[in-house]
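Colleague: Below is work.cif; it holds mmCIF, C-alpha atoms.
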data_model
loop_
_atom_site.label_atom_id
_atom_site.label_comp_id
_atom_site.auth_asym_id
_atom_site.auth_seq_id
_atom_site.Cartn_x
_atom_site.Cartn_y
_atom_site.Cartn_z
CA MET A 257 15.71 -76.63 -104.11
CA LYS A 258 16.06 -78.55 -107.36
CA ILE A 259 18.16 -76.57 -109.81
CA ALA A 260 19.10 -77.19 -113.46
CA PHE A 261 21.92 -75.50 -115.38
CA ILE A 262 21.71 -75.22 -119.18
CA GLY A 263 23.96 -73.57 -121.78
CA GLN A 264 27.49 -74.41 -120.62
CA LYS A 265 29.57 -76.90 -122.59
CA ALA A 266 30.28 -79.21 -119.66
CA ILE A 267 31.58 -79.63 -116.15
CA PRO A 268 34.21 -80.74 -115.51
CA PHE A 269 35.33 -79.21 -118.82
CA TYR A 270 38.31 -80.82 -120.53
CA ARG A 271 39.42 -77.33 -121.55
CA ASP A 272 39.30 -74.02 -119.77
CA GLY A 273 36.28 -71.79 -120.34
CA GLY A 274 35.04 -68.86 -118.29
CA VAL A 275 31.36 -69.86 -118.37
CA GLU A 276 32.21 -73.51 -117.63
CA ARG A 277 34.39 -72.60 -114.65
CA HIS A 278 31.66 -70.29 -113.36
CA VAL A 279 29.03 -73.03 -113.60
CA GLU A 280 31.34 -75.62 -112.06
CA GLU A 281 32.03 -73.51 -108.98
CA LEU A 282 28.42 -72.41 -108.63
CA ALA A 283 26.88 -75.87 -109.14
CA THR A 284 29.22 -77.79 -106.86
CA ARG A 285 28.99 -75.24 -104.07
CA LEU A 286 25.19 -75.16 -104.28
CA ALA A 287 25.20 -78.97 -104.09
CA ALA A 288 27.41 -78.77 -101.00
CA ARG A 289 24.76 -76.50 -99.44
CA GLY A 290 22.17 -79.27 -99.81
CA HIS A 291 20.48 -78.39 -103.09
CA GLU A 292 19.78 -80.98 -105.80
CA VAL A 293 21.73 -79.69 -108.79
CA THR A 294 21.64 -81.01 -112.37
CA VAL A 295 24.00 -79.76 -115.08
CA TYR A 296 23.26 -80.58 -118.73
CA VAL A 297 26.53 -81.28 -120.54
CA ARG A 298 27.67 -81.85 -124.12
CA ARG A 299 29.09 -85.36 -124.39
CA ARG A 300 32.32 -84.54 -126.23
CA TYR A 301 33.37 -81.90 -123.70
CA VAL A 302 32.75 -83.56 -120.35
CA ALA A 303 35.96 -84.75 -118.69
CA THR A 304 34.50 -87.59 -116.60
CA LYS A 305 32.56 -90.79 -117.19
CA GLU A 306 30.67 -90.42 -113.93
CA ASP A 307 27.00 -89.41 -113.74
CA ILE A 308 27.44 -87.79 -110.32
CA TRP A 309 30.41 -85.48 -109.96
CA ARG A 310 31.17 -83.60 -106.71
CA GLY A 311 27.52 -83.93 -105.73
CA VAL A 312 26.17 -82.66 -109.06
CA ARG A 313 24.12 -84.82 -111.45
CA LEU A 314 25.44 -84.70 -115.01
CA VAL A 315 23.00 -85.28 -117.87
CA ARG A 316 24.63 -85.77 -121.27
CA VAL A 317 22.78 -84.36 -124.27
CA PRO A 318 23.48 -84.65 -128.01
CA GLU A 319 24.49 -81.76 -130.26
CA ILE A 320 25.23 -80.83 -133.86
CA PRO A 321 29.03 -80.47 -133.52
CA THR A 322 29.69 -77.34 -135.57
CA LYS A 323 30.83 -73.82 -134.64
CA HIS A 324 27.42 -72.26 -135.21
CA LEU A 325 25.05 -75.08 -134.19
CA GLY A 326 26.84 -76.83 -131.34
CA SER A 327 25.65 -74.55 -128.56
CA ILE A 328 22.07 -73.96 -129.68
CA SER A 329 21.42 -77.61 -130.60
CA SER A 330 22.68 -78.92 -127.25
CA THR A 331 20.66 -76.22 -125.47
CA PHE A 332 17.56 -77.34 -127.36
CA PHE A 333 17.96 -80.98 -126.32
CA ALA A 334 18.77 -80.00 -122.73
CA THR A 335 15.73 -77.72 -122.57
CA LEU A 336 13.44 -80.47 -123.85
CA GLN A 337 14.72 -82.85 -121.20
CA ALA A 338 14.33 -80.21 -118.49
CA VAL A 339 10.73 -79.53 -119.57
CA CYS A 340 9.79 -83.20 -119.80
CA ARG A 341 11.29 -83.85 -116.37
CA GLY A 342 9.94 -80.70 -114.85
CA GLN A 343 6.53 -81.52 -113.42
CA ARG A 344 6.37 -81.93 -109.66
CA THR A 345 4.28 -84.73 -108.18
CA GLU A 346 2.29 -82.28 -106.07
CA ASP A 347 1.42 -80.22 -109.18
CA ARG A 348 -0.39 -83.04 -110.98
CA GLY A 349 -3.77 -81.99 -109.73
CA GLN A 350 -3.24 -78.31 -110.41
CA LYS A 351 -3.76 -76.31 -113.57
CA SER A 352 -0.85 -76.40 -115.99
CA ILE A 353 -0.26 -74.82 -119.36
CA PHE A 354 1.54 -77.89 -120.61
CA ARG A 355 0.67 -81.48 -119.71
CA LEU A 356 1.93 -84.79 -121.02
CA PRO A 357 1.04 -88.30 -119.87
CA SER A 358 2.42 -88.96 -116.42
CA SER A 359 4.67 -91.72 -117.74
CA VAL A 360 6.71 -89.10 -119.64
CA PHE A 361 7.64 -87.17 -116.51
CA ARG A 362 10.31 -88.29 -114.08
CA ARG A 363 9.14 -86.12 -111.20
CA GLN A 364 12.33 -84.07 -111.35
CA GLY A 365 10.44 -80.98 -110.28
CA TYR A 366 12.97 -78.24 -111.00
CA ASP A 367 12.40 -75.14 -108.93
CA ILE A 368 15.00 -73.16 -110.90
CA ILE A 369 16.14 -73.59 -114.51
CA HIS A 370 19.22 -71.43 -114.99
CA PHE A 371 20.49 -70.64 -118.51
CA HIS A 372 24.05 -69.41 -119.00
CA GLY A 373 24.80 -67.06 -121.90
CA VAL A 374 22.77 -64.97 -124.30
CA GLY A 375 22.85 -67.63 -127.03
CA PRO A 376 21.26 -70.37 -124.89
CA SER A 377 18.73 -67.85 -123.56
CA LEU A 378 17.06 -67.91 -127.00
CA LEU A 379 15.29 -71.06 -125.80
CA SER A 380 14.46 -69.90 -122.29
CA TRP A 381 10.87 -69.19 -123.35
CA ILE A 382 10.17 -72.92 -123.58
CA PRO A 383 10.40 -73.74 -119.86
CA ARG A 384 8.98 -70.31 -119.03
CA ILE A 385 5.74 -71.31 -120.79
CA PHE A 386 5.65 -75.06 -120.23
CA THR A 387 6.87 -75.53 -116.64
CA ARG A 388 6.29 -74.08 -113.21
CA ALA A 389 10.04 -73.57 -112.67
CA LYS A 390 11.44 -70.09 -112.21
CA ILE A 391 13.74 -69.16 -115.09
CA VAL A 392 17.06 -67.39 -114.57
CA VAL A 393 19.57 -66.27 -117.22
CA THR A 394 23.14 -65.16 -116.57
CA PHE A 395 24.37 -62.55 -119.05
CA HIS A 396 28.09 -63.42 -119.17
CA SER A 397 29.25 -61.33 -122.10
CA ILE A 398 28.07 -59.20 -125.01
CA ASP A 399 29.05 -62.00 -127.38
CA ARG A 400 28.06 -60.30 -130.62
CA PHE A 401 31.07 -57.98 -130.29
CA HIS A 402 33.45 -60.93 -130.60
CA ALA A 403 35.42 -60.84 -133.85
CA LYS A 404 34.74 -64.48 -134.76
CA TRP A 405 31.04 -63.90 -135.51
CA GLY A 406 29.60 -62.85 -138.88
CA PRO A 407 26.62 -60.52 -139.49
CA LEU A 408 23.94 -63.22 -139.22
CA SER A 409 25.41 -64.62 -136.00
CA ARG A 410 25.60 -61.12 -134.55
CA LEU A 411 21.91 -60.59 -135.32
CA VAL A 412 21.00 -63.87 -133.61
CA LEU A 413 23.11 -62.96 -130.58
CA TRP A 414 21.41 -59.56 -130.36
CA LEU A 415 18.09 -61.40 -130.23
CA GLY A 416 19.64 -63.56 -127.52
CA GLU A 417 20.39 -60.43 -125.51
CA TRP A 418 16.72 -59.45 -125.74
CA THR A 419 15.54 -62.87 -124.59
CA ALA A 420 18.16 -62.92 -121.80
CA VAL A 421 16.65 -59.77 -120.32
CA ARG A 422 12.96 -60.02 -121.26
CA ILE A 423 12.04 -63.73 -120.97
CA PRO A 424 13.29 -65.01 -117.59
CA HIS A 425 11.94 -64.27 -114.15
CA ALA A 426 15.39 -62.85 -113.29
CA THR A 427 18.54 -61.89 -115.18
CA ILE A 428 22.01 -61.87 -113.63
CA ALA A 429 24.80 -59.67 -115.01
CA VAL A 430 28.36 -60.64 -114.08
CA SER A 431 29.62 -57.05 -114.35
CA HIS A 432 28.32 -53.58 -113.60
CA GLU A 433 28.96 -52.64 -117.24
CA ILE A 434 26.67 -55.42 -118.50
CA ALA A 435 24.03 -54.37 -115.97
CA LYS A 436 24.25 -50.77 -117.26
CA TYR A 437 24.05 -52.04 -120.84
CA CYS A 438 20.85 -53.99 -120.09
CA LYS A 439 19.30 -50.97 -118.39
CA LYS A 440 20.18 -48.61 -121.24
CA ARG A 441 19.34 -50.87 -124.17
CA PHE A 442 16.40 -52.88 -122.85
CA LYS A 443 15.09 -50.59 -120.08
CA LYS A 444 15.27 -53.43 -117.58
CA ASN A 445 16.98 -53.69 -114.20
CA VAL A 446 19.00 -56.87 -113.71
CA HIS A 447 20.78 -58.40 -110.74
CA TYR A 448 24.54 -57.85 -110.43
CA ILE A 449 26.28 -60.99 -109.19
CA PRO A 450 29.92 -61.20 -110.36
CA ASN A 451 32.16 -64.10 -111.17
CA GLY A 452 34.06 -65.47 -108.20
CA VAL A 453 37.52 -66.76 -107.43
CA GLU A 454 38.99 -69.06 -104.80
CA ILE A 455 41.95 -67.84 -102.75
CA LYS A 456 44.55 -70.61 -102.94
CA LYS A 457 47.70 -71.34 -101.00
CA PRO A 458 50.92 -70.53 -102.90
CA PRO A 459 51.89 -73.68 -104.84
CA ALA A 460 55.32 -75.11 -105.61
CA ASP A 461 57.11 -74.24 -108.85
CA ALA A 462 58.22 -77.63 -110.19
CA GLU A 463 56.01 -77.42 -113.29
CA LEU A 464 57.83 -74.32 -114.52
CA ARG A 465 60.77 -76.47 -115.57
CA ARG A 466 58.73 -77.92 -118.44
CA TRP A 467 59.18 -74.61 -120.26
CA ASP A 468 62.49 -73.51 -118.71
CA LEU A 469 60.75 -70.77 -116.72
CA GLN A 470 61.96 -69.08 -113.55
CA LYS A 471 59.95 -67.45 -110.78
CA ASP A 472 59.27 -63.74 -111.49
CA LYS A 473 61.04 -63.98 -114.84
CA TYR A 474 57.99 -64.17 -117.09
CA MET A 475 54.78 -62.31 -117.91
CA LEU A 476 51.67 -64.44 -118.26
CA THR A 477 48.44 -64.38 -120.22
CA VAL A 478 45.72 -67.06 -120.13
CA ALA A 479 43.02 -67.05 -122.80
CA ARG A 480 41.42 -68.94 -125.63
CA LEU A 481 43.38 -68.19 -128.80
CA VAL A 482 40.64 -66.17 -130.46
CA ARG A 483 41.17 -62.76 -132.01
CA HIS A 484 39.12 -60.62 -129.62
CA LYS A 485 41.40 -61.69 -126.75
CA GLY A 486 44.08 -59.51 -128.36
CA ILE A 487 47.07 -61.82 -127.92
CA HIS A 488 48.62 -60.39 -131.11
CA TYR A 489 48.82 -56.98 -129.43
CA LEU A 490 50.66 -58.56 -126.53
CA ILE A 491 53.24 -60.27 -128.75
CA GLU A 492 53.82 -57.12 -130.79
CA ALA A 493 54.27 -54.99 -127.65
CA PHE A 494 56.60 -57.51 -126.02
CA LYS A 495 58.82 -57.48 -129.10
CA GLN A 496 58.90 -53.65 -129.00
CA VAL A 497 60.35 -53.57 -125.47
CA PRO A 498 64.13 -53.14 -125.79
CA ASP A 499 66.22 -56.18 -124.93
CA ALA A 500 68.16 -54.10 -122.41
CA ILE A 501 64.92 -53.72 -120.42
CA LYS A 502 63.46 -57.19 -120.97
CA GLY A 503 66.64 -59.01 -120.06
CA GLU A 504 65.65 -62.60 -119.23
CA MET A 505 61.93 -61.78 -119.00
CA LYS A 506 59.71 -64.11 -121.05
CA LEU A 507 56.13 -63.94 -122.29
CA VAL A 508 54.08 -67.06 -121.55
CA ILE A 509 50.86 -67.62 -123.52
CA VAL A 510 48.55 -70.25 -122.05
CA GLY A 511 45.56 -71.34 -124.12
CA ALA A 512 44.27 -73.26 -127.11
CA PRO A 513 42.31 -72.24 -130.21
CA SER A 514 38.52 -72.49 -130.42
CA PHE A 515 37.69 -73.09 -134.09
CA THR A 516 40.58 -70.64 -134.69
CA LYS A 517 43.56 -72.67 -135.90
CA ASP A 518 44.40 -69.92 -138.40
CA TYR A 519 44.71 -67.37 -135.62
CA GLU A 520 46.98 -69.68 -133.62
CA LYS A 521 49.19 -70.08 -136.70
CA TYR A 522 49.29 -66.29 -137.11
CA LEU A 523 50.36 -65.84 -133.49
CA ARG A 524 53.19 -68.32 -133.83
CA GLN A 525 54.36 -66.61 -137.01
CA LEU A 526 54.21 -63.27 -135.22
CA ALA A 527 56.34 -64.65 -132.39
CA GLY A 528 58.84 -65.95 -134.92
CA GLU A 529 62.06 -67.40 -133.52
CA ASP A 530 61.97 -65.42 -130.29
CA HIS A 531 62.66 -68.07 -127.64
CA ARG A 532 61.35 -65.72 -124.96
CA ILE A 533 57.78 -66.11 -126.27
CA VAL A 534 56.47 -69.43 -124.94
CA PHE A 535 53.24 -71.17 -126.01
CA THR A 536 52.22 -73.78 -123.44
CA GLY A 537 48.91 -74.86 -124.99
CA TYR A 538 45.92 -75.48 -122.74
CA GLN A 539 46.77 -75.96 -119.05
CA THR A 540 44.67 -76.51 -115.96
CA GLY A 541 44.82 -77.58 -112.33
CA GLU A 542 48.10 -77.47 -110.44
CA THR A 543 50.14 -76.58 -113.53
CA LEU A 544 48.00 -73.52 -114.24
CA ASN A 545 48.07 -72.48 -110.57
CA GLN A 546 51.87 -72.60 -110.58
CA LEU A 547 52.02 -70.50 -113.75
CA TYR A 548 49.79 -67.87 -112.14
CA ALA A 549 51.53 -67.92 -108.77
CA HIS A 550 55.08 -67.40 -110.00
CA ALA A 551 54.53 -64.92 -112.82
CA TYR A 552 56.02 -61.43 -112.56
CA LEU A 553 52.75 -59.91 -113.79
CA TYR A 554 49.60 -60.88 -115.65
CA ALA A 555 48.67 -59.24 -118.98
CA HIS A 556 45.20 -59.26 -120.54
CA PRO A 557 44.86 -57.27 -123.80
CA SER A 558 41.29 -58.26 -124.74
CA GLU A 559 39.01 -56.14 -126.93
CA SER A 560 35.79 -57.35 -125.27
CA GLU A 561 34.89 -59.23 -122.08
CA GLY A 562 32.09 -60.01 -119.68
CA LEU A 563 34.01 -60.22 -116.42
CA SER A 564 37.30 -62.01 -116.96
CA LEU A 565 37.90 -64.93 -114.62
CA THR A 566 41.56 -65.06 -115.62
CA ILE A 567 42.11 -61.49 -114.37
CA LEU A 568 40.44 -62.44 -111.08
CA GLU A 569 42.57 -65.59 -110.83
CA ALA A 570 45.78 -63.63 -111.34
CA MET A 571 44.73 -61.05 -108.74
CA SER A 572 43.90 -63.84 -106.28
CA PHE A 573 47.56 -64.86 -106.43
CA GLY A 574 48.61 -61.30 -105.63
CA LYS A 575 49.72 -60.39 -109.14
CA CYS A 576 49.80 -56.97 -110.72
CA VAL A 577 47.54 -57.02 -113.80
CA LEU A 578 48.28 -55.11 -117.00
CA ILE A 579 44.94 -54.84 -118.79
CA SER A 580 43.24 -53.19 -121.75
CA ASN A 581 41.11 -50.24 -120.66
CA ILE A 582 37.72 -51.60 -121.69
CA PRO A 583 35.11 -50.88 -118.97
CA GLU A 584 34.57 -54.56 -118.09
CA ASN A 585 38.29 -54.91 -117.25
CA LEU A 586 38.62 -51.61 -115.40
CA GLU A 587 35.82 -52.38 -112.95
CA VAL A 588 37.65 -55.41 -111.52
CA ILE A 589 40.96 -53.75 -110.63
CA ASP A 590 40.06 -50.77 -108.37
CA HIS A 591 43.53 -49.15 -108.73
CA SER A 592 45.24 -52.51 -108.21
CA GLY A 593 46.29 -52.84 -111.85
CA VAL A 594 47.71 -50.87 -114.75
CA PRO A 595 45.48 -50.13 -117.77
CA PHE A 596 46.59 -49.38 -121.32
CA GLU A 597 44.66 -48.17 -124.34
CA VAL A 598 42.97 -51.14 -126.00
CA GLY A 599 44.64 -52.06 -129.30
CA ASN A 600 47.51 -49.60 -128.77
CA THR A 601 50.70 -51.67 -128.84
CA ASP A 602 52.92 -48.61 -128.23
CA ASP A 603 51.08 -47.80 -125.00
CA LEU A 604 51.14 -51.46 -123.97
CA ALA A 605 54.89 -51.72 -124.64
CA GLU A 606 55.54 -48.54 -122.64
CA LYS A 607 53.52 -49.78 -119.63
CA MET A 608 55.17 -53.19 -119.88
CA ALA A 609 58.66 -51.68 -119.86
CA SER A 610 57.80 -49.40 -116.94
CA LEU A 611 56.59 -52.31 -114.80
CA ILE A 612 59.70 -54.35 -115.61
CA ASN A 613 61.85 -51.38 -114.54
CA HIS A 614 59.87 -50.82 -111.33
CA PRO A 615 59.27 -54.12 -109.52
CA GLU A 616 58.25 -52.22 -106.38
CA ILE A 617 55.21 -50.89 -108.25
CA ALA A 618 54.28 -54.35 -109.54
CA GLU A 619 54.58 -55.77 -106.02
CA ALA A 620 52.46 -53.03 -104.45
CA LYS A 621 49.76 -53.40 -107.10
CA GLY A 622 49.71 -57.15 -106.49
CA LYS A 623 49.06 -56.70 -102.78
CA LEU A 624 46.21 -54.31 -103.51
CA ALA A 625 44.78 -56.84 -105.98
CA LEU A 626 44.67 -59.66 -103.44
CA GLY A 627 42.90 -57.48 -100.87
CA PHE A 628 40.33 -56.34 -103.45
CA ILE A 629 39.58 -59.95 -104.43
CA LYS A 630 39.07 -61.01 -100.82
CA ARG A 631 36.59 -58.18 -100.24
CA ASN A 632 34.54 -58.55 -103.41
CA PHE A 633 34.96 -61.77 -105.39
CA GLU A 634 35.27 -64.81 -103.14
CA TRP A 635 33.05 -67.66 -104.33
CA ASP A 636 31.21 -68.10 -101.04
CA LYS A 637 29.81 -64.58 -101.37
CA VAL A 638 28.84 -65.16 -105.02
CA VAL A 639 27.07 -68.43 -104.23
CA ALA A 640 25.24 -66.91 -101.26
CA ALA A 641 23.94 -64.06 -103.43
CA THR A 642 22.78 -66.49 -106.12
CA GLU A 643 21.08 -68.75 -103.57
CA GLU A 644 19.29 -65.75 -102.06
CA LEU A 645 17.97 -64.79 -105.51
CA TYR A 646 16.70 -68.34 -106.06
CA LYS A 647 14.87 -68.25 -102.71
CA LYS A 648 13.20 -64.95 -103.53
CA LEU A 649 11.99 -66.35 -106.85
CA SER A 650 10.76 -69.66 -105.42
CA PRO A 651 10.16 -69.16 -101.68
CA ARG A 652 7.70 -72.04 -101.23
CA ARG A 653 10.32 -74.54 -102.38
#
Is it possible to express this structure as C-alpha cells?
Modeller:
Amino acid sequence: MKIAFIGQKAIPFYRDGGVERHVEELATRLAARGHEVTVYVRRRYVATKEDIWRGVRLVRVPEIPTKHLGSISSTFFATLQAVCRGQRTEDRGQKSIFRLPSSVFRRQGYDIIHFHGVGPSLLSWIPRIFTRAKIVVTFHSIDRFHAKWGPLSRLVLWLGEWTAVRIPHATIAVSHEIAKYCKKRFKKNVHYIPNGVEIKKPPADAELRRWDLQKDKYMLTVARLVRHKGIHYLIEAFKQVPDAIKGEMKLVIVGAPSFTKDYEKYLRQLAGEDHRIVFTGYQTGETLNQLYAHAYLYAHPSESEGLSLTILEAMSFGKCVLISNIPENLEVIDHSGVPFEVGNTDDLAEKMASLINHPEIAEAKGKLALGFIKRNFEWDKVVAATEELYKKLSPRR
C-alpha cells in the first residue's frame, strides 16, 4: 500500500515529541514491511537533509511558524500536496469527485492518508472528498485540556475532536480512556491501538557522569516543560521529602520548553539552589536510554495525557513508575506502578519517600512493569494492528 502521514512536526524530530516518536516508529516499520510510506514534515523540525530516511520518503512543507498557526498551516500545505498527488493511474478513466489536468498529478496514488492529532484532523475532510484514499485519524490526546491553550484555541480543538471522529473512514484511539470519551461524547466506536515501545538491551552508564549522577541514585522525569505536565508538583514534592530520607537521591528533569520559556524559568526558580535537582535539557538516543535505564524510579505528575510514551519507555527498562492518577496513566500500569492524587504534592511526597525507603517494592514493581510492556505494548504488535486496519479499509490495494 501507499501511505501518507500528515500532522506530525517531523521525523526524525530534532526534539522529543510523543506524536513524532509514534509516527517515526510506525512509518519506518511499515516501510520495512514493504509499504510505500510518505511523511510530510515541517522544514525547521526535521533532523536530516535526506529525502529518504530509513525507507520513508520525507516531503518538506512550509508553515506559518507561530504557536497557533504552525501546525494547521503545515497541515494545510501537506494536505494540498497529498490531494494533488493522490490520483492513481488506473483511476483516470473512472468517475471522480475532483479532477485536475493530468499534468498536475504525480501518480502517487495514496491508498491511506493518515492524520495524527485532533488539530490536523480539521482538514481531513479535504482528501475525504477529493481523493479515493481511505482517511484515518489517530486521536492522540484531548488537547483542549492542556493549560497552554486559551478559550478560542480550546473551541477549535473541540471542533477538531468532532472531525477526528466523524470525518475519517476510521479513527484510532491510543488509550481506552480516549476510546470511551469518543463513544460517550460523539456516539461513535473507534479502534483502540495503543502507543508502542521497543524493549532495549541495558545500556552502559558513561553519560551519567555529565551530571554527576550515579546508578539508582536519582529519580527521573522526561517531558516537555509545559505546565500540564506538572513538573512543578514534582519539584515541590521532592523538596518536601526530608533530607534524612532522600540522602544522596537526586531529581533529574529531562526536557525543553515548547513556547513556554516563562514556565521553564519558574521551574528553575522553584528548584532554587538545591544541587540535587538537575535540569539536563532535551536529550535523546543513547544518552536518554542511559538516563532511563539507571534511574531508581520514574515519576510522571501530568494533569492530562493521551497515552504517555515516556511512561512506557520507563517501564520497558524495568522501572517502577510513580504517576498521577489520571485515567490515561492508570490504564498503562496494571498494578506495576504507584499512583498519587493528581496535583497533590503532599501525597506525591509521601509516596516518593515510601519508595525511597522500600527499594524492594520499587524493584518488584519494575519487574511487573517490564512483563506488562512485553505483553501489551511492543511495537511489532502495534504496527501489525495498524496494518490490519489499513487492509480492511482498502482491501483491493
Colleague: When the PyMOL selection byres ((chain A and resi 294) around 9) is applied to the structure above, which residues does it catch, written out as a list in words?
Modeller: Lys258, Ile259, Ala260, Phe261, Ile262, Ala283, Glu292, Val293, Val295, Tyr296, Val312, Arg313, Leu314 and Val315 of chain A
Colleague: Since I can't run it myself right now, could you work out what the PyMOL selection byres ((chain A and resi 503-520) around 7) selects here and report it as JSON, numbers by chain?
Modeller: {"A": [323, 473, 474, 475, 476, 477, 478, 479, 480, 481, 482, 483, 499, 500, 501, 502, 521, 522, 523, 524, 532, 533, 534, 535, 536, 537, 538, 539]}
Colleague: If you count only C-alpha atoms, which residues fall within 9 Å of Glu281 in chain A, apart from same-chain ones fewer than 3 positions away, as a PyMOL selection string?
Modeller: chain A and resi 276-278+284-286+452-453+635+639
Colleague: Neighbouring residues of range 604-607 of chain A were defined as those with any atom within 7 Å, considering all atoms listed in the file; residues of the same chain fewer than 5 positions away were excluded. Please report them as a ChimeraX atom specification.
Modeller: /A:493-494,496-497,596
Colleague: Check the smallest atom-to-atom distance from each of A:Pro557, A:Gly326, A:Pro651, A:Gly263 to Val393 in chain A using all atoms listed in the file, then report the winner.
Modeller: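 For Val393 in chain A, the nearest of the given residues is A:Gly263.
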Colleague: Using all atoms listed in the file for the distances, tell me which of A:Thr566, A:Cys340, A:Asp590, A:Leu547 is nearest to Gly365 in chain A.
Modeller: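 Using all atoms listed in the file, Gly365 in chain A sits closest to A:Cys340.
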Colleague: Dig up all the protein and nucleic acid residues within 10 Å of (51.1, -67.9, -103.3) in the file frame, using only C-alpha atoms, and format them as a VMD selection string.
Modeller: chain A and resid 455 to 460 545 to 546 548 to 550 572 to 575
Colleague: Can you turn the PyMOL selection byres ((chain A and resi 338) around 8) into a concrete residue list for this file, as a list in words?
Modeller: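 Applying the PyMOL selection byres ((chain A and resi 338) around 8) to the structure shown produces Ala260, Ala334, Thr335, Leu336, Gln337, Val339, Cys340, Arg341, Gly342, Tyr366, Ile369 and Pro383 of chain A.
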Colleague: Which one is closest to Thr427 in chain A: A:Gly373, A:Pro407, A:Gly541, A:Gly528? Count only C-alpha atoms.
Modeller: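 The closest residue to Thr427 in chain A is A:Gly373.
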Colleague: Give me, as a list of chain:residue names, all polymer residues having an atom no more than 10 Å from range 433-449 of chain A, counting all atoms listed in the file and skipping those fewer than 6 positions away in the same chain.
Modeller: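 So, after excluding close chain neighbours, the residues are A:Thr394, A:Phe395, A:His396, A:Ser397, A:Ile398, A:Glu417, A:Trp418, A:Ala420, A:Val421, A:Arg422, A:Ala426, A:Thr427, A:Glu561, A:Gly562, A:Leu563, A:Ile582, A:Pro583, A:Glu584, A:Asn585, A:Leu586, A:Glu587, A:Phe633, A:Lys637, A:Val638, A:Val639, A:Ala640, A:Ala641, A:Thr642, A:Leu645.
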